[in-house]
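A.B. asks: File input_35.cif below, mmCIF, C-alpha atoms:
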data_my_file
#
loop_
_atom_site.label_atom_id
_atom_site.label_comp_id
_atom_site.auth_asym_id
_atom_site.auth_seq_id
_atom_site.Cartn_x
_atom_site.Cartn_y
_atom_site.Cartn_z
CA MET A 1 -153.82 228.43 -267.64
CA SER A 2 -152.88 232.11 -267.66
CA GLY A 3 -154.73 232.52 -270.96
CA LEU A 4 -157.84 231.02 -269.36
CA LEU A 5 -157.68 233.45 -266.44
CA THR A 6 -157.06 236.36 -268.81
CA ILE A 7 -160.20 235.59 -270.80
CA LEU A 8 -162.22 235.08 -267.62
CA GLY A 9 -160.98 238.43 -266.32
CA ARG A 10 -161.66 240.17 -269.61
CA ASP A 11 -165.25 238.89 -269.82
CA LEU A 12 -165.97 239.97 -266.26
CA ARG A 13 -164.41 243.37 -266.88
CA LEU A 14 -166.37 243.85 -270.10
CA ALA A 15 -169.60 242.90 -268.33
CA ALA A 16 -168.83 245.31 -265.49
CA ARG A 17 -168.22 248.16 -267.95
CA THR A 18 -171.19 247.43 -270.18
CA GLY A 19 -173.44 246.85 -267.19
CA GLY A 20 -177.16 246.28 -267.30
CA ASP A 21 -177.12 242.73 -268.63
CA ALA A 22 -177.03 241.06 -265.23
CA LEU A 23 -179.69 243.42 -263.91
CA THR A 24 -182.03 242.67 -266.82
CA LEU A 25 -181.59 238.98 -266.18
CA VAL A 26 -182.31 239.35 -262.48
CA LEU A 27 -185.41 241.45 -263.21
CA PHE A 28 -186.67 238.82 -265.62
CA PHE A 29 -186.01 236.11 -263.02
CA VAL A 30 -187.90 237.93 -260.28
CA MET A 31 -190.79 238.92 -262.55
CA ALA A 32 -191.14 235.45 -264.07
CA GLY A 33 -191.40 234.06 -260.54
CA ALA A 34 -193.64 236.85 -259.29
CA ILE A 35 -196.32 236.44 -261.98
CA MET A 36 -196.87 232.77 -261.08
CA PRO A 37 -199.10 233.58 -258.07
CA PHE A 38 -201.33 235.61 -260.38
CA ALA A 39 -201.77 232.59 -262.60
CA ILE A 40 -202.14 230.05 -259.80
CA GLY A 41 -204.26 232.10 -257.44
CA PRO A 42 -203.73 233.40 -253.90
CA ASP A 43 -203.59 229.96 -252.24
CA ARG A 44 -200.77 230.30 -249.70
CA VAL A 45 -200.36 226.58 -249.04
CA LEU A 46 -200.30 225.68 -252.72
CA LEU A 47 -197.82 228.48 -253.47
CA GLN A 48 -195.51 227.33 -250.70
CA LYS A 49 -195.60 223.85 -252.13
CA LEU A 50 -194.90 225.02 -255.66
CA ALA A 51 -192.31 227.67 -254.75
CA PRO A 52 -189.12 225.59 -255.32
CA GLY A 53 -190.38 224.51 -258.73
CA ILE A 54 -191.30 228.10 -259.61
CA ILE A 55 -187.85 229.37 -258.62
CA TRP A 56 -186.19 226.63 -260.67
CA LEU A 57 -188.36 227.38 -263.70
CA ALA A 58 -187.69 231.11 -263.44
CA ALA A 59 -183.94 230.51 -263.13
CA PHE A 60 -184.05 228.01 -266.00
CA LEU A 61 -185.85 230.45 -268.30
CA SER A 62 -183.65 233.43 -267.47
CA MET A 63 -180.50 231.39 -268.05
CA LEU A 64 -181.80 230.26 -271.43
CA LEU A 65 -182.57 233.86 -272.29
CA GLY A 66 -179.00 234.99 -271.73
CA LEU A 67 -177.41 232.27 -273.85
CA ASP A 68 -177.17 234.17 -277.10
CA ARG A 69 -174.77 236.64 -275.51
CA LEU A 70 -172.14 233.98 -274.82
CA PHE A 71 -170.32 234.15 -278.15
CA ARG A 72 -172.27 236.84 -280.02
CA ALA A 73 -170.07 239.84 -279.21
CA ASP A 74 -166.86 237.93 -279.96
CA GLU A 75 -168.31 236.70 -283.24
CA ASP A 76 -169.43 240.16 -284.29
CA ASP A 77 -166.10 241.93 -283.79
CA GLY A 78 -163.95 239.13 -285.19
CA THR A 79 -162.45 238.03 -281.87
CA LEU A 80 -163.79 234.51 -282.31
CA LEU A 81 -161.81 234.07 -285.54
CA LEU A 82 -158.66 235.22 -283.78
CA PHE A 83 -159.38 232.86 -280.87
CA ARG A 84 -159.03 229.96 -283.28
CA HIS A 85 -155.41 230.92 -283.79
CA ALA A 86 -154.72 231.92 -280.23
CA GLY A 87 -151.83 230.56 -278.23
CA THR A 88 -154.45 229.29 -275.77
CA PRO A 89 -156.41 226.24 -277.01
CA LEU A 90 -159.96 226.98 -278.14
CA GLU A 91 -161.24 224.45 -275.58
CA ALA A 92 -159.63 226.42 -272.74
CA ILE A 93 -161.05 229.64 -274.14
CA VAL A 94 -164.54 228.13 -274.24
CA ALA A 95 -164.09 226.84 -270.67
CA ALA A 96 -163.11 230.33 -269.54
CA LYS A 97 -166.13 231.84 -271.25
CA LEU A 98 -168.34 229.17 -269.66
CA MET A 99 -167.06 230.12 -266.19
CA ALA A 100 -167.46 233.82 -266.86
CA HIS A 101 -170.99 233.28 -268.16
CA TRP A 102 -171.91 231.26 -265.07
CA LEU A 103 -170.56 233.98 -262.79
CA LEU A 104 -172.47 236.62 -264.73
CA THR A 105 -175.81 234.83 -265.06
CA ALA A 106 -176.22 232.22 -262.32
CA VAL A 107 -174.64 234.06 -259.40
CA PRO A 108 -176.88 237.16 -259.75
CA LEU A 109 -179.91 234.82 -259.76
CA LEU A 110 -178.68 233.15 -256.58
CA ILE A 111 -178.27 236.54 -254.95
CA ALA A 112 -181.76 237.58 -256.03
CA SER A 113 -183.40 234.32 -255.01
CA PRO A 114 -184.25 235.45 -251.40
CA LEU A 115 -186.42 238.19 -252.89
CA LEU A 116 -188.39 235.66 -254.89
CA ALA A 117 -188.55 233.39 -251.84
CA ILE A 118 -190.26 236.17 -249.88
CA LEU A 119 -192.69 236.86 -252.72
CA LEU A 120 -193.62 233.17 -252.78
CA SER A 121 -193.73 232.92 -248.95
CA MET A 122 -191.09 230.18 -248.77
CA ASP A 123 -189.58 228.86 -245.52
CA THR A 124 -185.97 229.85 -244.90
CA ALA A 125 -184.99 226.18 -244.79
CA VAL A 126 -186.66 225.41 -248.11
CA TRP A 127 -185.10 228.50 -249.66
CA GLY A 128 -181.69 227.33 -248.41
CA ARG A 129 -182.12 223.95 -250.07
CA THR A 130 -183.35 225.57 -253.28
CA ALA A 131 -180.36 227.93 -253.34
CA LEU A 132 -178.00 225.01 -252.77
CA ALA A 133 -179.65 223.07 -255.60
CA LEU A 134 -179.36 226.11 -257.88
CA LEU A 135 -175.70 226.53 -256.94
CA VAL A 136 -174.99 222.89 -257.77
CA GLY A 137 -177.22 222.59 -260.84
CA THR A 138 -176.73 225.85 -262.75
CA PRO A 139 -173.19 224.99 -263.96
CA ALA A 140 -174.76 222.16 -265.96
CA LEU A 141 -177.30 224.56 -267.50
CA THR A 142 -174.50 226.94 -268.48
CA ALA A 143 -172.43 224.07 -269.89
CA PHE A 144 -175.26 222.76 -272.07
CA GLY A 145 -176.02 226.34 -273.03
CA THR A 146 -172.43 226.79 -274.20
CA ILE A 147 -172.93 224.02 -276.73
CA GLY A 148 -176.19 225.56 -277.91
CA ALA A 149 -174.63 228.99 -278.23
CA ALA A 150 -171.62 227.58 -280.09
CA VAL A 151 -173.81 225.72 -282.57
CA THR A 152 -175.97 228.75 -283.32
CA VAL A 153 -173.39 231.56 -283.22
CA SER A 154 -172.84 231.52 -286.97
CA LEU A 155 -176.57 232.03 -287.55
CA ARG A 156 -177.33 235.74 -287.56
CA ARG A 157 -180.79 235.28 -286.11
CA GLY A 158 -180.19 232.21 -284.01
CA GLY A 159 -181.25 233.97 -280.83
CA LEU A 160 -183.95 231.57 -279.70
CA LEU A 161 -182.59 228.48 -281.40
CA ALA A 162 -179.97 227.75 -278.74
CA PRO A 163 -182.57 227.50 -275.92
CA VAL A 164 -184.74 225.23 -278.06
CA LEU A 165 -181.72 223.01 -278.82
CA ILE A 166 -180.57 222.56 -275.25
CA LEU A 167 -183.94 222.39 -273.54
CA PRO A 168 -184.23 218.60 -273.86
CA LEU A 169 -180.67 218.21 -272.53
CA SER A 170 -181.47 220.33 -269.52
CA ILE A 171 -184.57 218.46 -268.36
CA PRO A 172 -182.59 216.10 -266.06
CA VAL A 173 -181.13 219.16 -264.32
CA LEU A 174 -184.61 220.45 -263.68
CA ILE A 175 -185.87 217.05 -262.45
CA PHE A 176 -183.04 216.50 -259.99
CA GLY A 177 -182.92 220.15 -259.04
CA VAL A 178 -186.52 220.19 -257.88
CA ALA A 179 -186.23 216.67 -256.40
CA SER A 180 -183.30 217.74 -254.22
CA VAL A 181 -185.47 220.43 -252.66
CA GLY A 182 -188.33 218.00 -252.02
CA ALA A 183 -188.28 215.30 -249.38
CA PRO A 184 -185.42 215.86 -246.91
CA GLU A 185 -184.52 212.18 -246.63
CA GLY A 186 -184.21 211.67 -250.40
CA SER A 187 -182.59 215.01 -251.07
CA SER A 188 -178.97 214.03 -250.59
CA ALA A 189 -179.06 211.45 -253.40
CA ALA A 190 -180.71 213.94 -255.77
CA ILE A 191 -178.23 216.71 -255.01
CA LEU A 192 -175.32 214.33 -255.51
CA PHE A 193 -176.74 213.32 -258.85
CA LEU A 194 -177.19 216.99 -259.74
CA ALA A 195 -173.55 217.60 -258.83
CA ALA A 196 -172.52 214.68 -261.02
CA ILE A 197 -174.45 216.08 -264.01
CA SER A 198 -172.80 219.47 -263.47
CA LEU A 199 -169.28 218.08 -263.17
CA VAL A 200 -169.56 215.81 -266.21
CA SER A 201 -171.17 218.48 -268.40
CA VAL A 202 -168.68 221.19 -267.40
CA ALA A 203 -165.83 218.79 -268.18
CA PHE A 204 -167.10 217.70 -271.60
CA CYS A 205 -169.00 220.68 -272.96
CA PRO A 206 -165.97 222.89 -273.73
CA PHE A 207 -164.72 220.22 -276.15
CA ALA A 208 -168.08 219.84 -277.85
CA ALA A 209 -168.59 223.61 -278.04
CA ALA A 210 -165.08 224.18 -279.43
CA LEU A 211 -165.75 221.57 -282.11
CA ALA A 212 -169.03 223.29 -282.96
CA LEU A 213 -167.27 226.65 -283.25
CA ARG A 214 -164.65 225.17 -285.59
CA LEU A 215 -167.23 223.53 -287.84
CA GLY A 216 -169.68 226.40 -287.67
CA SER A 217 -167.59 228.98 -289.50
CA GLU A 218 -167.51 227.09 -292.80
CA MET B 219 -126.02 228.86 -301.60
CA THR B 220 -129.39 227.14 -301.86
CA ALA B 221 -132.63 228.89 -301.18
CA PRO B 222 -134.08 228.36 -297.67
CA ASP B 223 -136.79 225.74 -297.23
CA PRO B 224 -140.29 227.04 -297.90
CA LEU B 225 -142.56 227.86 -294.98
CA LEU B 226 -145.68 227.08 -296.94
CA THR B 227 -146.45 225.17 -300.11
CA VAL B 228 -149.86 225.24 -301.74
CA GLU B 229 -150.72 222.96 -304.64
CA ASN B 230 -153.79 222.77 -306.89
CA LEU B 231 -155.97 224.52 -304.35
CA ALA B 232 -159.64 224.81 -305.27
CA LEU B 233 -162.38 226.42 -303.25
CA SER B 234 -166.08 226.96 -303.72
CA ARG B 235 -168.44 228.97 -301.59
CA GLY B 236 -172.18 228.46 -301.58
CA GLY B 237 -171.92 225.92 -304.40
CA ARG B 238 -170.09 228.35 -306.66
CA ALA B 239 -166.48 227.70 -307.68
CA LEU B 240 -164.28 230.61 -306.59
CA PHE B 241 -160.91 229.48 -307.88
CA ALA B 242 -159.09 226.31 -308.87
CA ASP B 243 -155.54 225.20 -309.48
CA VAL B 244 -154.00 227.82 -307.24
CA GLY B 245 -150.45 226.97 -306.29
CA PHE B 246 -147.50 228.84 -304.79
CA SER B 247 -144.80 228.43 -302.24
CA LEU B 248 -143.61 230.92 -299.69
CA ARG B 249 -140.07 231.14 -298.33
CA PRO B 250 -138.78 233.11 -295.37
CA GLY B 251 -138.64 236.74 -296.41
CA GLY B 252 -141.33 236.20 -299.03
CA LEU B 253 -144.19 238.62 -299.59
CA LEU B 254 -147.05 237.29 -301.65
CA LEU B 255 -149.60 239.80 -302.90
CA LEU B 256 -153.07 238.49 -303.69
CA ARG B 257 -154.79 240.49 -306.35
CA GLY B 258 -158.06 240.29 -308.17
CA PRO B 259 -161.41 242.00 -308.46
CA ASN B 260 -163.95 242.05 -305.64
CA GLY B 261 -165.40 238.60 -305.16
CA ALA B 262 -162.42 236.82 -306.68
CA GLY B 263 -161.81 234.92 -303.45
CA LYS B 264 -158.87 236.76 -301.89
CA SER B 265 -160.32 236.79 -298.38
CA SER B 266 -161.58 233.23 -298.78
CA LEU B 267 -158.09 232.09 -299.81
CA LEU B 268 -156.64 233.69 -296.69
CA LEU B 269 -159.29 232.01 -294.52
CA THR B 270 -158.52 228.69 -296.22
CA LEU B 271 -154.82 229.09 -295.46
CA ALA B 272 -155.76 229.89 -291.87
CA GLY B 273 -157.69 226.62 -291.69
CA VAL B 274 -161.08 228.25 -291.23
CA LEU B 275 -162.50 227.19 -294.59
CA ARG B 276 -162.00 223.72 -296.00
CA PRO B 277 -160.66 223.61 -299.56
CA GLU B 278 -162.50 221.54 -302.12
CA ALA B 279 -159.29 220.10 -303.51
CA GLY B 280 -155.59 220.59 -303.25
CA ARG B 281 -152.93 220.55 -300.58
CA ILE B 282 -151.75 223.13 -298.05
CA ASP B 283 -148.43 222.15 -296.50
CA TRP B 284 -147.12 224.25 -293.63
CA HIS B 285 -143.96 222.10 -293.39
CA ALA B 286 -142.46 222.60 -289.95
CA GLU B 287 -145.44 224.50 -288.56
CA GLU B 288 -148.49 222.39 -287.86
CA PRO B 289 -150.76 223.93 -286.74
CA PRO B 290 -149.28 227.09 -288.24
CA ARG B 291 -148.44 230.04 -286.04
CA VAL B 292 -150.08 232.74 -288.09
CA HIS B 293 -151.43 236.17 -287.40
CA ILE B 294 -154.60 237.18 -289.22
CA VAL B 295 -155.83 240.69 -289.81
CA GLY B 296 -159.24 240.61 -291.41
CA HIS B 297 -162.04 243.03 -292.04
CA GLN B 298 -163.20 242.69 -288.46
CA SER B 299 -160.70 244.20 -286.10
CA GLY B 300 -161.07 241.90 -283.08
CA VAL B 301 -160.93 245.05 -280.96
CA LYS B 302 -163.10 245.31 -277.85
CA THR B 303 -164.59 248.78 -277.77
CA ARG B 304 -165.07 248.88 -274.01
CA LEU B 305 -161.43 248.08 -273.22
CA THR B 306 -158.64 250.61 -273.45
CA LEU B 307 -156.01 250.31 -276.17
CA LEU B 308 -153.46 248.96 -273.73
CA GLU B 309 -155.96 246.49 -272.27
CA ASN B 310 -156.80 245.25 -275.76
CA LEU B 311 -153.15 244.60 -276.55
CA GLY B 312 -152.39 243.22 -273.09
CA PHE B 313 -155.25 240.77 -273.54
CA TRP B 314 -153.89 239.39 -276.82
CA ARG B 315 -150.39 239.31 -275.41
CA ALA B 316 -151.61 237.14 -272.51
CA VAL B 317 -153.71 234.87 -274.73
CA ASN B 318 -151.15 234.40 -277.49
CA GLY B 319 -147.97 234.50 -275.46
CA PRO B 320 -145.71 237.46 -274.60
CA THR B 321 -143.12 236.76 -277.27
CA GLY B 322 -143.22 240.15 -278.98
CA ILE B 323 -142.64 243.71 -277.87
CA SER B 324 -144.56 245.29 -274.99
CA PRO B 325 -148.05 246.77 -275.60
CA GLU B 326 -146.69 250.28 -274.93
CA ALA B 327 -143.94 249.87 -277.51
CA ALA B 328 -146.39 248.36 -280.02
CA LEU B 329 -148.75 251.35 -279.63
CA GLU B 330 -145.78 253.67 -280.07
CA THR B 331 -144.83 251.85 -283.28
CA VAL B 332 -148.27 252.22 -284.85
CA GLY B 333 -148.53 255.85 -283.78
CA LEU B 334 -151.10 255.51 -281.00
CA GLY B 335 -148.67 255.83 -278.09
CA ALA B 336 -150.28 258.97 -276.70
CA ILE B 337 -153.78 257.51 -276.23
CA GLY B 338 -153.05 254.09 -274.69
CA GLY B 339 -155.53 254.70 -271.85
CA LEU B 340 -158.45 255.60 -274.12
CA ASP B 341 -161.39 253.27 -274.68
CA ALA B 342 -161.00 251.66 -278.09
CA GLY B 343 -164.60 252.59 -278.91
CA TYR B 344 -163.54 256.21 -279.41
CA LEU B 345 -161.08 255.33 -282.19
CA SER B 346 -161.70 256.14 -285.82
CA ALA B 347 -161.73 253.35 -288.41
CA GLY B 348 -158.12 254.05 -289.32
CA GLN B 349 -156.98 254.12 -285.71
CA THR B 350 -158.81 250.85 -285.05
CA LYS B 351 -156.92 249.36 -287.99
CA ARG B 352 -153.66 250.57 -286.49
CA LEU B 353 -154.60 248.96 -283.17
CA ALA B 354 -155.39 245.70 -285.00
CA LEU B 355 -151.92 245.86 -286.58
CA ALA B 356 -150.32 246.51 -283.19
CA ARG B 357 -151.69 243.11 -282.12
CA LEU B 358 -149.24 241.50 -284.56
CA LEU B 359 -146.33 243.04 -282.70
CA VAL B 360 -147.08 241.92 -279.12
CA THR B 361 -146.83 238.24 -280.07
CA ASP B 362 -144.09 237.11 -282.42
CA ARG B 363 -145.40 234.83 -285.17
CA PRO B 364 -143.55 234.09 -288.40
CA ILE B 365 -146.43 234.31 -290.86
CA TRP B 366 -148.90 237.13 -291.30
CA LEU B 367 -152.09 236.81 -293.31
CA LEU B 368 -153.31 240.32 -294.03
CA ASP B 369 -156.65 241.09 -295.65
CA GLU B 370 -156.47 244.58 -297.13
CA PRO B 371 -154.07 245.84 -294.46
CA SER B 372 -154.14 249.40 -295.68
CA ALA B 373 -157.91 249.72 -295.95
CA SER B 374 -159.15 252.89 -294.19
CA LEU B 375 -155.58 253.99 -293.41
CA ASP B 376 -154.15 257.39 -294.36
CA THR B 377 -150.95 257.88 -296.38
CA ALA B 378 -148.79 257.66 -293.30
CA GLY B 379 -150.66 254.47 -292.42
CA ASP B 380 -149.79 252.95 -295.80
CA VAL B 381 -146.14 253.70 -295.11
CA LEU B 382 -146.53 252.14 -291.66
CA VAL B 383 -147.96 248.93 -293.16
CA GLY B 384 -145.04 248.79 -295.59
CA ARG B 385 -142.56 249.29 -292.74
CA LEU B 386 -144.16 246.62 -290.53
CA ILE B 387 -144.18 244.12 -293.39
CA ALA B 388 -140.56 244.93 -294.28
CA ALA B 389 -139.53 244.38 -290.66
CA ARG B 390 -141.38 241.06 -290.56
CA LEU B 391 -139.72 239.91 -293.81
CA SER B 392 -136.22 240.92 -292.77
CA SER B 393 -136.48 238.87 -289.58
CA GLY B 394 -137.22 235.69 -291.52
CA GLY B 395 -141.00 235.82 -291.58
CA ALA B 396 -143.37 235.74 -294.50
CA VAL B 397 -146.46 237.75 -295.37
CA ILE B 398 -149.44 237.07 -297.58
CA ALA B 399 -151.48 240.19 -298.22
CA ALA B 400 -154.70 240.62 -300.18
CA THR B 401 -154.56 244.19 -301.39
CA HIS B 402 -155.40 246.61 -304.16
CA ASP B 403 -152.47 248.86 -303.27
CA ASP B 404 -148.80 248.45 -304.01
CA ILE B 405 -146.74 247.17 -301.14
CA PRO B 406 -143.00 247.46 -301.73
CA GLY B 407 -140.87 244.34 -301.57
CA ALA B 408 -143.36 241.88 -303.10
CA THR B 409 -141.58 238.70 -304.16
CA GLU B 410 -144.59 237.17 -305.83
CA THR B 411 -148.00 238.20 -307.07
CA LEU B 412 -150.98 235.92 -307.45
CA THR B 413 -153.92 237.24 -309.41
CA LEU B 414 -157.24 235.53 -308.86
CA GLY B 415 -159.68 235.79 -311.72
CA ALA B 416 -163.21 237.08 -311.64
CA PRO B 417 -165.78 234.55 -310.45
CA ASN B 418 -167.65 232.73 -313.18
#
What would the structure in this file look like if it were written as structure tokens?
C.D. replies:
Amino acid sequence: MSGLLTILGRDLRLAARTGGDALTLVLFFVMAGAIMPFAIGPDRVLLQKLAPGIIWLAAFLSMLLGLDRLFRADEDDGTLLLFRHAGTPLEAIVAAKLMAHWLLTAVPLLIASPLLAILLSMDTAVWGRTALALLVGTPALTAFGTIGAAVTVSLRRGGLLAPVLILPLSIPVLIFGVASVGAPEGSSAAILFLAAISLVSVAFCPFAAALALRLGSE
Amino acid sequence: MTAPDPLLTVENLALSRGGRALFADVGFSLRPGGLLLLRGPNGAGKSSLLLTLAGVLRPEAGRIDWHAEEPPRVHIVGHQSGVKTRLTLLENLGFWRAVNGPTGISPEAALETVGLGAIGGLDAGYLSAGQTKRLALARLLVTDRPIWLLDEPSASLDTAGDVLVGRLIAARLSSGGAVIAATHDDIPGATETLTLGAPN
């Protein structure tokens, strides 16, 4: 347990010192959402209707974009090899990195989501439900992403492969994420289902990703 | 008095990388206090043999028996240092001490031992290649593990660094550990030498 917290703390500290990564992600998120009105046209009613889906898509894409960073730095400087012989199990290490990655990618998007909500002229209530759905659903995206990043870390130029691999897995998250924002009466079932996907994937993905890391170095 | 039980026995080990046979029929056993030097030209498979012993690569044939230790508690020092450039020296060591267990000496004492005691608060990114190597060696001291697998431990080190490597290895051997080192230099106290041939 202490090893898990140590790795979580180290990843957060490294991100704080390197800086910039979270900001780039947030900028991408806001810009991806902000260009939609240009493509759709200045129809206020239509935009309002589409806004939750646009925010989800923007969040989805920016989280996929950041995946390659999950294990890349540790692979490049040899830390990943040492992790395999660490006193802390590799599964716990992967779980710690998953948590750190979620804190560093999903939380900044949540914080930036009001800005996008204003740009898309969303109601406060709808934004609240969207933010809740993002909070509940993004752990699943990070968990699936961890598997993708673990499978592709040994490939030097696997940058875009991980997103392509996990995209099909992540579609249910998107479906239930947007559904939970939709009709108020049906939303509680969808958000519960979203929570279930997140809990199950966060519980199982560290094992799958650790296995991928072990097999990948051969 | 009989010799102590071996820590590691390797029999008929064969390995190939990328469809090309690197070595075959490699066998040795390592007892507490044993220092095995791996020798051979570049590309002979010294690093690959160390990775195989560490369980990273799967051998094509043969048996690796760690006896009492399964999975083995080994320390690896490879070509990549495992040093985070944005953390200070002390933070780097403190991290590995927390992850691997605080069974060795303190990070401050370890830095003192490898001759970096005065710059513990410096970011590791400012270190030279030799200093980074010393920091990587200090990692072996903060967690106590019986077996060290060293891949060219004295690469990029100065003369004093070579002496330091010899001293660290001697201390490990005298406390009942064992060391396998792939090296082109002479390390005093070698109990066995294994020369891998040139690849075919």
A.B. asks: Going by the chain IDs and residue numbers used in this file, which residues fall under the PyMOL selection byres ((chain B) within 8 of (chain A))? Write them as a list in words.
C.D. replies: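 Taken over the shown coordinates, the PyMOL selection byres ((chain B) within 8 of (chain A)) returns Val274, Leu275, Arg276, Arg291, Val292, His293, Ile294, Gly296, Gln298, Ser299, Gly300, Val301, Lys302, Arg304, Leu305, Phe313, Ala316, Val317, Asn318 and Gly319 of chain B.
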A.B. asks: Once you have the residues from the selection above, write them out as a PDB file, in the coordinates of the input, restricted to C-alpha atoms.
C.D. replies:
ATOM      1  CA  VAL B 274    -161.080 228.250-291.230  1.00  0.00           C
ATOM      2  CA  LEU B 275    -162.500 227.190-294.590  1.00  0.00           C
ATOM      3  CA  ARG B 276    -162.000 223.720-296.000  1.00  0.00           C
ATOM      4  CA  ARG B 291    -148.440 230.040-286.040  1.00  0.00           C
ATOM      5  CA  VAL B 292    -150.080 232.740-288.090  1.00  0.00           C
ATOM      6  CA  HIS B 293    -151.430 236.170-287.400  1.00  0.00           C
ATOM      7  CA  ILE B 294    -154.600 237.180-289.220  1.00  0.00           C
ATOM      8  CA  GLY B 296    -159.240 240.610-291.410  1.00  0.00           C
ATOM      9  CA  GLN B 298    -163.200 242.690-288.460  1.00  0.00           C
ATOM     10  CA  SER B 299    -160.700 244.200-286.100  1.00  0.00           C
ATOM     11  CA  GLY B 300    -161.070 241.900-283.080  1.00  0.00           C
ATOM     12  CA  VAL B 301    -160.930 245.050-280.960  1.00  0.00           C
ATOM     13  CA  LYS B 302    -163.100 245.310-277.850  1.00  0.00           C
ATOM     14  CA  ARG B 304    -165.070 248.880-274.010  1.00  0.00           C
ATOM     15  CA  LEU B 305    -161.430 248.080-273.220  1.00  0.00           C
ATOM     16  CA  PHE B 313    -155.250 240.770-273.540  1.00  0.00           C
ATOM     17  CA  ALA B 316    -151.610 237.140-272.510  1.00  0.00           C
ATOM     18  CA  VAL B 317    -153.710 234.870-274.730  1.00  0.00           C
ATOM     19  CA  ASN B 318    -151.150 234.400-277.490  1.00  0.00           C
ATOM     20  CA  GLY B 319    -147.970 234.500-275.460  1.00  0.00           C
TER      21      GLY B 319
END
A.B. asks: Mind telling me what the PyMOL selection byres ((chain B and resi 384-401) around 10) catches here, as an MDAnalysis selection string?
C.D. replies: chainID B and resid 224:226 248:258 263:265 267:268 271 292:296 331:332 355:356 358:359 362:373 378:383 402:408 410:413
A.B. asks: Report, in Å to a single decimal, how far apart atom CA of Leu64 of chain A and atom CA of Leu98 of chain A are.
C.D. replies: 13.6 Å
A.B. asks: Quick one: residues within 10 Å of segment 122-135 of chain A, all atoms listed in the file counted, chain neighbours fewer than 5 positions away excluded, as a VMD selection string?
C.D. replies: chain A and resid 44 to 45 47 to 53 55 to 56 59 to 60 106 to 107 109 to 111 113 to 114 116 to 117 141 173 to 174 176 to 182 184 187 190 to 192 194 to 195
A.B. asks: Which distance in Å separates atom CA of Arg156 of chain A and atom CA of Leu269 of chain B, to one decimal?
C.D. replies: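 Interatomic distance here is 19.7 Å.
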A.B. asks: On this structure, which residues satisfy the PyMOL selection byres ((chain B and resi 337) around 12), written as a list in words?
C.D. replies: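 So the PyMOL selection byres ((chain B and resi 337) around 12), applied here, picks out Thr306, Leu307, Leu308, Glu309, Glu326, Leu329, Glu330, Val332, Gly333, Leu334, Gly335, Ala336, Gly338, Gly339, Leu340, Asp341, Ala342, Tyr344, Leu345, Gln349 and Leu353 of chain B.
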A.B. asks: Nearest residue to Arg315 of chain B out of B:Thr409, B:Pro259, B:Ser374, B:Thr361, using all atoms listed in the file?
C.D. replies: B:Thr361
A.B. asks: Show me, as a PyMOL selection string, the residues that have an atom within 9 Å of segment 279-283 of chain B when counting only C-alpha atoms, minus same-chain residues fewer than 3 positions from it.
C.D. replies: chain B and resi 225-233+242-245+270-271+276+286-288
A.B. asks: Would you list the residues near (-173.5, 229.8, -268.3), meaning any protein, DNA or RNA residue with an atom at most 9 Å from that point in file coordinates, counting all atoms listed in the file, as a CSV table (one decimal) with C-alpha atoms, in the coordinates of the input?
C.D. replies:
chain,number,residue,atom,x,y,z
A,63,MET,CA,-180.5,231.4,-268.0
A,64,LEU,CA,-181.8,230.3,-271.4
A,66,GLY,CA,-179.0,235.0,-271.7
A,67,LEU,CA,-177.4,232.3,-273.8
A,70,LEU,CA,-172.1,234.0,-274.8
A,97,LYS,CA,-166.1,231.8,-271.2
A,98,LEU,CA,-168.3,229.2,-269.7
A,99,MET,CA,-167.1,230.1,-266.2
A,100,ALA,CA,-167.5,233.8,-266.9
A,101,HIS,CA,-171.0,233.3,-268.2
A,102,TRP,CA,-171.9,231.3,-265.1
A,103,LEU,CA,-170.6,234.0,-262.8
A,104,LEU,CA,-172.5,236.6,-264.7
A,105,THR,CA,-175.8,234.8,-265.1
A,106,ALA,CA,-176.2,232.2,-262.3
A,138,THR,CA,-176.7,225.8,-262.8
A,139,PRO,CA,-173.2,225.0,-264.0
A,140,ALA,CA,-174.8,222.2,-266.0
A,141,LEU,CA,-177.3,224.6,-267.5
A,142,THR,CA,-174.5,226.9,-268.5
A,143,ALA,CA,-172.4,224.1,-269.9
A,144,PHE,CA,-175.3,222.8,-272.1
A,145,GLY,CA,-176.0,226.3,-273.0
A,146,THR,CA,-172.4,226.8,-274.2
A.B. asks: How big is the axis-aligned box around the listed atoms of segment 219-237 of chain B once 5 Å is added on each side, and where is its centre? Give both in Å to one decimal, as AutoDock Vina command-line options.
C.D. replies:
--center_x -149.1 --center_y 225.9 --center_z -300.9 --size_x 56.2 --size_y 16.2 --size_z 21.9
A.B. asks: Would you mind telling me which residue in A:Ala203, A:Leu120, A:Ala162, A:Ala32 lies nearest to Ala149 of chain A when using only C-alpha atoms?
C.D. replies: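 Looking only at the distances to Ala149 of chain A, the closest residue turns out to be A:Ala162.
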A.B. asks: So what do you get for atom CA of Ser324 of chain B versus atom CA of Ala92 of chain A, distance-wise?
C.D. replies: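 For atom CA of Ser324 of chain B relative to atom CA of Ala92 of chain A, the distance reads 24.3 Å.
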